[in-house]
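Have a look at target22.txt; it's compact mmCIF, C-alpha atoms:
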```
# COMPACT_ATOMS: atom_id res chain seq x y z
CA MET T 1 147.87 -46.88 110.61
CA THR T 2 146.24 -50.10 109.47
CA ARG T 3 147.75 -52.77 107.26
CA PHE T 4 147.89 -51.50 103.64
CA ASP T 5 146.71 -48.00 104.61
CA GLN T 6 146.81 -45.72 101.56
CA THR T 7 146.69 -42.45 103.51
CA GLY T 8 149.38 -40.10 102.23
CA VAL T 9 150.79 -42.66 99.78
CA THR T 10 152.17 -41.22 96.54
CA LEU T 11 151.53 -43.52 93.59
CA THR T 12 153.48 -44.19 90.41
CA LYS T 13 151.87 -44.01 86.97
CA HIS T 14 151.10 -47.73 87.42
CA GLN T 15 149.37 -47.10 90.78
CA ASN T 16 152.16 -48.69 92.83
CA ASN T 17 153.61 -47.05 95.94
CA ALA T 18 156.25 -44.52 94.81
CA ALA T 19 158.28 -45.28 97.96
CA LEU T 20 159.19 -48.60 96.35
CA GLY T 21 161.96 -49.12 93.86
CA VAL T 22 163.79 -51.92 92.11
CA ASN T 23 167.36 -52.97 91.47
CA ILE T 24 168.40 -55.01 88.49
CA LEU T 25 170.86 -57.75 89.34
CA PRO T 26 173.25 -59.35 86.83
CA ASP T 27 171.42 -61.40 84.18
CA ALA T 28 172.39 -64.77 85.66
CA GLU T 29 171.07 -63.74 89.09
CA MET T 30 167.79 -62.43 87.65
CA ARG T 31 167.30 -65.71 85.79
CA ALA T 32 168.25 -67.76 88.86
CA TYR T 33 165.59 -65.88 90.82
CA GLY T 34 162.98 -66.83 88.21
CA PHE T 35 162.81 -63.77 85.97
CA THR T 36 162.43 -64.26 82.22
CA ASP T 37 163.18 -61.88 79.38
CA HIS T 38 161.00 -63.15 76.54
CA VAL T 39 160.42 -59.47 75.85
CA PRO T 40 164.07 -58.46 75.32
CA GLU T 41 163.71 -55.04 77.00
CA GLU T 42 162.07 -56.38 80.19
CA TRP T 43 162.57 -58.69 83.12
CA TYR T 44 159.35 -60.47 84.11
CA LEU T 45 158.54 -62.55 87.19
CA CYS T 46 155.27 -64.36 87.90
CA ARG T 47 154.50 -66.09 91.21
CA LYS T 48 151.31 -67.82 92.33
CA VAL T 49 150.00 -66.15 95.49
CA SER T 50 146.84 -68.16 96.11
CA GLU T 51 146.44 -71.73 97.18
CA ASP T 52 144.25 -72.47 94.15
CA GLY T 53 146.80 -70.88 91.79
CA THR T 54 144.33 -68.45 90.26
CA THR T 55 145.90 -65.29 91.67
CA THR T 56 149.41 -64.24 90.68
CA LEU T 57 151.97 -61.62 91.62
CA ASN T 58 153.65 -60.18 88.53
CA LEU T 59 156.70 -57.92 88.53
CA THR T 60 157.87 -56.34 85.28
CA ILE T 61 161.08 -54.30 85.22
CA ALA T 62 162.47 -52.40 82.22
CA LYS T 63 166.03 -53.64 81.68
CA ASP T 64 167.27 -50.06 81.49
CA GLY T 65 165.72 -49.41 84.93
CA SER T 66 163.41 -46.71 83.61
CA ASP T 67 160.14 -48.35 84.65
CA TRP T 68 158.64 -51.14 86.76
CA VAL T 69 155.21 -52.36 87.79
CA ILE T 70 153.83 -54.80 90.34
CA ASP T 71 150.47 -56.35 89.49
CA VAL T 72 148.44 -58.87 91.44
CA LEU T 73 146.10 -60.51 88.95
CA ASP T 74 143.00 -62.68 89.07
CA GLU T 75 143.86 -65.13 86.29
CA HIS T 76 140.27 -66.41 85.98
CA PHE T 77 138.82 -63.00 85.19
CA LEU T 78 141.98 -61.51 83.61
CA GLN T 79 141.89 -58.43 85.81
CA PRO T 80 143.70 -56.94 88.81
CA TYR T 81 142.95 -58.49 92.20
CA ASP T 82 142.94 -55.62 94.72
CA TYR T 83 143.53 -57.63 97.89
CA GLN T 84 144.63 -54.48 99.73
CA GLY T 85 141.41 -52.63 98.94
CA LEU T 86 139.32 -55.68 99.75
CA LEU T 87 140.99 -56.02 103.15
CA GLU T 88 140.56 -52.34 103.87
CA ARG T 89 136.80 -52.77 103.38
CA ASN T 90 136.55 -56.24 104.96
CA PRO T 91 139.51 -57.38 107.10
CA ASP T 92 137.81 -60.77 107.58
CA ASN T 93 138.00 -61.72 103.87
CA GLY T 94 139.90 -64.99 104.21
CA TYR T 95 140.91 -65.38 100.57
CA ALA T 96 142.20 -61.79 100.34
CA ARG T 97 144.05 -62.22 103.64
CA ALA T 98 145.76 -65.41 102.38
CA VAL T 99 146.75 -63.64 99.13
CA ALA T 100 148.06 -60.69 101.16
CA ASP T 101 150.16 -62.97 103.36
CA GLU T 102 151.71 -64.68 100.34
CA CYS T 103 152.33 -61.36 98.57
CA GLU T 104 154.06 -60.07 101.70
CA ARG T 105 156.22 -63.22 101.75
CA GLN T 106 157.16 -62.64 98.10
CA TYR T 107 157.94 -58.95 98.75
CA ARG T 108 160.16 -60.00 101.67
CA LEU T 109 162.04 -62.47 99.44
CA LEU T 110 162.45 -59.87 96.69
CA THR T 111 163.75 -57.39 99.26
CA GLU T 112 166.20 -59.91 100.72
CA ALA T 113 167.43 -60.69 97.20
CA GLY T 114 168.15 -56.98 96.68
CA ILE T 115 165.60 -56.59 93.88
CA LEU T 116 162.80 -54.71 95.68
CA THR T 117 163.74 -51.61 97.70
CA GLY T 118 161.81 -49.42 100.12
CA TRP T 119 159.38 -52.15 101.15
CA HIS T 120 158.33 -52.89 104.72
CA GLU T 121 155.79 -55.28 106.20
CA GLY T 122 152.18 -54.09 105.85
CA MET T 123 152.81 -51.17 103.50
CA TYR T 124 150.51 -50.36 100.61
CA VAL T 125 152.13 -51.65 97.42
```

As structure tokens, how would this structure be written, given the file I've shared?
Amino acid sequence: MTRFDQTGVTLTKHQNNAALGVNILPDAEMRAYGFTDHVPEEWYLCRKVSEDGTTTLNLTIAKDGSDWVIDVLDEHFLQPYDYQGLLERNPDNGYARAVADECERQYRLLTEAGILTGWHEGMYV
């Protein structure tokens, strides 16, 4: 299996890997990690995942735990940035590889914090 292989992956309604899940920590811990709740029903986290700051990793979690979504967005074009698909087609794409490496680092940190569950290195997210 190659890095980010989608073979046999079940997807959520938001097109994320259904093997993933989230835990909601106490409010103070979510805020300390960087989550905001400007929308009262949701926790929201945004992290830059490109050196130029134009690509972001966004995690939105319903406070009641009923829903969550991970989006990687191209902020210049206001659309998803499918680094996993790009790397599947062209593993030598340097920008996509750098974004992938930073996303993986963020997923690792979220997992270590107890927020993201079911994740492992190189899996399709």

Computed interatomic separation between CA of Met30 (chain T) and CA of Glu42 (chain T) (Å): 11.2 Å

Within 10 Å of Ile24 (chain T), counting all atoms listed in the file, which residues show up once you throw out same-chain ones fewer than 2 positions away? Write them as a PyMOL selection string, please. chain T and resi 22+26-27+29-30+43+61-65+114-116

Report the distance between CA of Arg97 (chain T) and CA of Tyr83 (chain T) in Å, rounded to one decimal place. 7.4 Å

Given all atoms listed in the file as the counted atoms, nearest of T:His120, T:Leu87, T:Val99, T:Glu112 to Thr2 (chain T): T:Leu87

Which one is closest to Pro80 (chain T): T:Tyr44, T:Asn93, T:Ala28, T:His14? Count only C-alpha atoms.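 Looking only at the distances to Pro80 (chain T), the closest residue turns out to be T:His14.
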
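By chain and then residue number, the residues within 12 Å of Asp82 (chain T) are Phe4, Gln15, Asn16, Thr55, Thr56, Leu57, Ile70, Asp71, Val72, Leu73, Asp74, Gln79, Gly85, Leu86, Leu87, Glu88, Arg89, Tyr95, Ala96, Arg97, Val99, Ala100, Cys103, Tyr124 and Val125 of chain T, counting all atoms listed in the file and disregarding those fewer than 3 positions away in sequence.
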
Considering all atoms listed in the file, state which residue in the set T:Gln106, T:Gly94, T:Thr111, T:Val9 is at the smallest distance from Cys46 (chain T). T:Gln106

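If only C-alpha atoms are the atoms counted, then among T:Thr60, T:Thr54, T:Thr36, T:Thr117 the closest residue to Phe77 (chain T) is T:Thr54.
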
How would you write as a JSON list (two decimals) with C-alpha atoms, in the frame of the given file the residues that get within 8 Å of (158.6, -47.1, 97.2) in the file's frame, counting only C-alpha atoms?
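Full text of part-v5.json as output:
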```
[["chain", "number", "residue", "atom", "x", "y", "z"],
["T", 16, "ASN", "CA", 152.16, -48.69, 92.83],
["T", 17, "ASN", "CA", 153.61, -47.05, 95.94],
["T", 18, "ALA", "CA", 156.25, -44.52, 94.81],
["T", 19, "ALA", "CA", 158.28, -45.28, 97.96],
["T", 20, "LEU", "CA", 159.19, -48.60, 96.35],
["T", 21, "GLY", "CA", 161.96, -49.12, 93.86],
["T", 117, "THR", "CA", 163.74, -51.61, 97.70],
["T", 118, "GLY", "CA", 161.81, -49.42, 100.12],
["T", 119, "TRP", "CA", 159.38, -52.15, 101.15],
["T", 125, "VAL", "CA", 152.13, -51.65, 97.42]]
```
